[in-house]
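The block underneath contains the structure these notes are about, expressed in structure tokens.
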Amino acid sequence: MDPVAVDLAPLDGILARYPAEESSLIQVLQDVQRHYRYLPRPALERVAKALGVPLARVCSVATFYKAFSLVPPGEHVVHVCMGTACHIRGAPQVLDELWRRIAPDANGDTADRRFTIKAVNCVGACAAAPVVIVDGRYHGGVQATKVAKVVGLEEGGRAS
């Protein structure tokens, strides 16, 4: 259940761009997530009804693809590339240091919803490895000792 009310008015515009059929489901969910930053339950219910797809099918698709999230992300989303080049150049140590400093829950979210940390597959910036993406901004050559500065933490501080 969503802890806050969700304004569903933007869904009308999203749904109007696609045929009202199951083949539109993934594109609609992508647009819904782009708008809300996650897939709120009331939006999933509206999408199911509008496309004539059972809610169970909509939820199945939403949970199958790693790109979709059913929980709202933190204020700052941090992706750590774990592709081969980044891995070889120290991404595991960068991720470990982030987890140590920020102390998120098992899903990568801090209790105060300030940060969401995600390990991701290759982001296609191998020459800049290891890469950390903070709120859509790419940072290359990130070292574990510098990761606090990259994500905006004060030296020696913790996020939560």
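We label chains A, B, ... in the order they appear in the structure tokens, count residues from 1 in each chain, and number ligands from 1 in the order shown.
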Contacts of A:Cys122 within 9 Å, only C-alpha atoms, excl. fewer than 3 positions in-chain, as a ChimeraX atom specification: /A:81-86,125-126
Can you write just those residues out, C-alpha atoms, as a PDB file, in the first residue's frame?
ATOM      1  CA  CYS A  81      28.163  -0.011 -12.418  1.00  0.00           C
ATOM      2  CA  MET A  82      29.261  -3.586 -11.823  1.00  0.00           C
ATOM      3  CA  GLY A  83      30.128  -4.388 -15.451  1.00  0.00           C
ATOM      4  CA  THR A  84      33.393  -6.175 -16.150  1.00  0.00           C
ATOM      5  CA  ALA A  85      35.587  -3.080 -16.610  1.00  0.00           C
ATOM      6  CA  CYS A  86      34.149  -1.375 -13.524  1.00  0.00           C
ATOM      7  CA  ALA A 125      31.007   3.865 -19.979  1.00  0.00           C
ATOM      8  CA  CYS A 126      33.812   1.349 -19.654  1.00  0.00           C
TER       9      CYS A 126
END
Residue list (alpha helix (DSSP H), DSSP) for stretch 2-160 of chain A, as an NGL selection string: :A and (9-16 or 25-36 or 41-51 or 55-64 or 84-88 or 91-102 or 147-151)
A:Val61 environment, 12 Å, only C-alpha atoms, sequence neighbours closer than 2 positions dropped, as a list in words: Glu22, Ser23, Ser24, Leu25, Ile26, Gln27, Val28, Leu29, Gln30, Leu39, Leu44, Ala48, Val53, Pro54, Leu55, Ala56, Arg57, Val58, Cys59, Thr63, Phe64, Tyr65, Lys66, Ala67, Phe68, Ser69 and Leu70 of chain A
Restricting the output to C-alpha atoms, write the selected residues as a PDB file, in the first residue's frame.
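So selection_0.pdb came out as:
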ATOM      1  CA  GLU A  22      -1.976  -5.608 -23.594  1.00  0.00           C
ATOM      2  CA  SER A  23       0.756  -5.023 -26.180  1.00  0.00           C
ATOM      3  CA  SER A  24       1.063  -1.448 -24.819  1.00  0.00           C
ATOM      4  CA  LEU A  25       1.697  -2.578 -21.248  1.00  0.00           C
ATOM      5  CA  ILE A  26       5.483  -2.271 -21.055  1.00  0.00           C
ATOM      6  CA  GLN A  27       5.577   1.136 -22.753  1.00  0.00           C
ATOM      7  CA  VAL A  28       2.821   2.430 -20.492  1.00  0.00           C
ATOM      8  CA  LEU A  29       4.598   1.143 -17.386  1.00  0.00           C
ATOM      9  CA  GLN A  30       7.832   2.790 -18.544  1.00  0.00           C
ATOM     10  CA  LEU A  39       4.957   2.253 -10.067  1.00  0.00           C
ATOM     11  CA  LEU A  44      -1.111  -0.139 -11.729  1.00  0.00           C
ATOM     12  CA  ALA A  48      -4.890  -2.690 -15.792  1.00  0.00           C
ATOM     13  CA  VAL A  53      -5.406  -6.592 -18.620  1.00  0.00           C
ATOM     14  CA  PRO A  54      -5.809  -8.461 -15.326  1.00  0.00           C
ATOM     15  CA  LEU A  55      -4.080  -6.680 -12.435  1.00  0.00           C
ATOM     16  CA  ALA A  56      -2.145  -9.885 -11.720  1.00  0.00           C
ATOM     17  CA  ARG A  57      -0.616  -9.712 -15.224  1.00  0.00           C
ATOM     18  CA  VAL A  58       0.306  -6.029 -14.786  1.00  0.00           C
ATOM     19  CA  CYS A  59       1.951  -6.814 -11.436  1.00  0.00           C
ATOM     20  CA  THR A  63       7.946  -7.309 -10.874  1.00  0.00           C
ATOM     21  CA  PHE A  64       9.633  -9.337 -13.625  1.00  0.00           C
ATOM     22  CA  TYR A  65      11.685  -6.495 -15.089  1.00  0.00           C
ATOM     23  CA  LYS A  66      14.432  -5.118 -12.863  1.00  0.00           C
ATOM     24  CA  ALA A  67      13.977  -1.652 -14.405  1.00  0.00           C
ATOM     25  CA  PHE A  68      10.606  -1.308 -12.676  1.00  0.00           C
ATOM     26  CA  SER A  69      10.177  -0.506  -8.995  1.00  0.00           C
ATOM     27  CA  LEU A  70       7.085  -0.821  -6.812  1.00  0.00           C
TER      28      LEU A  70
END
Distance criterion (only C-alpha atoms): nearest to A:Pro130 out of A:Pro40, A:Gly152, A:Pro92, A:Pro72: A:Pro92
A:Ala144 surroundings by only C-alpha atoms, 6 Å radius, close-in-sequence under 4 positions cut, as a ChimeraX atom specification: /A:93-94,97
Report as a short mmCIF file (atom, residue, chain, number, x, y, z; two decimals) with N, CA and C atoms, in the first residue's frame all protein, DNA and RNA residues lying within 8 Å of stretch 12-19 of chain A, evaluated on only C-alpha atoms, omitting residues in the same chain fewer than 6 positions from it.
data_model
loop_
_atom_site.label_atom_id
_atom_site.label_comp_id
_atom_site.auth_asym_id
_atom_site.auth_seq_id
_atom_site.Cartn_x
_atom_site.Cartn_y
_atom_site.Cartn_z
N VAL A 28 3.60 1.65 -21.45
CA VAL A 28 2.82 2.43 -20.49
C VAL A 28 3.50 2.41 -19.13
N ASP A 31 6.45 4.73 -19.05
CA ASP A 31 6.04 6.14 -18.93
C ASP A 31 5.52 6.46 -17.53
N VAL A 32 4.79 5.52 -16.95
CA VAL A 32 4.27 5.74 -15.59
C VAL A 32 5.45 5.85 -14.62
N VAL A 47 -3.98 1.32 -14.89
CA VAL A 47 -3.42 0.80 -16.14
C VAL A 47 -4.08 -0.52 -16.51
N ALA A 50 -7.58 0.22 -17.81
CA ALA A 50 -7.57 0.94 -19.09
C ALA A 50 -7.12 0.05 -20.25
N LEU A 51 -6.20 -0.87 -19.98
CA LEU A 51 -5.70 -1.74 -21.05
C LEU A 51 -6.47 -3.06 -21.15
#
Enumerate, as an mmCIF file with C-alpha atoms, in the first residue's frame, the complete set of residues in stretch 2-153 of chain A that a backbone-based DSSP assignment places in strand (DSSP E).
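Written out: out36.cif:
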data_model
loop_
_atom_site.group_PDB
_atom_site.id
_atom_site.type_symbol
_atom_site.label_atom_id
_atom_site.label_comp_id
_atom_site.auth_asym_id
_atom_site.auth_seq_id
_atom_site.Cartn_x
_atom_site.Cartn_y
_atom_site.Cartn_z
ATOM 1 C CA HIS A 76 19.007 10.682 -4.512
ATOM 2 C CA VAL A 77 19.408 7.553 -6.614
ATOM 3 C CA VAL A 78 22.942 6.182 -6.839
ATOM 4 C CA HIS A 79 23.801 3.484 -9.378
ATOM 5 C CA VAL A 80 27.142 1.694 -9.186
ATOM 6 C CA CYS A 81 28.163 -0.011 -12.418
ATOM 7 C CA PHE A 115 19.326 7.655 -0.816
ATOM 8 C CA THR A 116 18.646 4.597 -2.915
ATOM 9 C CA ILE A 117 21.743 2.581 -3.819
ATOM 10 C CA LYS A 118 21.637 0.112 -6.712
ATOM 11 C CA ALA A 119 24.281 -2.106 -8.247
ATOM 12 C CA VAL A 120 23.623 -2.273 -11.993
ATOM 13 C CA VAL A 132 28.909 5.834 -10.292
ATOM 14 C CA ILE A 133 25.737 7.557 -11.489
ATOM 15 C CA VAL A 134 24.163 9.971 -9.014
ATOM 16 C CA ARG A 137 25.019 12.359 -13.559
ATOM 17 C CA TYR A 138 27.897 10.069 -14.479
ATOM 18 C CA HIS A 139 31.078 10.113 -12.394
#
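With only C-alpha atoms as the atoms that count, the minimum distance from A:Lys49 to the choices A:Gly141, A:Glu21, A:Leu95, A:Asp112 is reached by A:Glu21.
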Surrounding residues of A:Ala5 excluding itself and chain neighbours under 4 positions, 12 Å, only C-alpha atoms, as a PyMOL selection string: chain A and resi 1+40-43
Residue nearest A:Asp7 - candidates A:Val147, A:Val71, A:Arg89, A:His35, atoms counted: only C-alpha atoms: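 Counting only C-alpha atoms, the residue closest to A:Asp7 is A:His35.
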Proximity to A:Asn107 - best of A:Gly52, A:Pro73, A:His87, A:Gly140, only C-alpha atoms: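 The shortest atom-to-atom distance to A:Asn107 comes from A:Pro73.
For the pair atom CA of A:Ala127 and atom CA of A:Thr145, the separation is 19.9 Å.
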Atom CA of A:Ala103 to atom CA of A:Gly124, distance in Å rounded to a single decimal: 27.4 Å
Shortest interatomic distance to A:Asp109 - which of A:Glu75, A:Val123, A:Ala91, A:Val142, counting only C-alpha atoms: A:Glu75
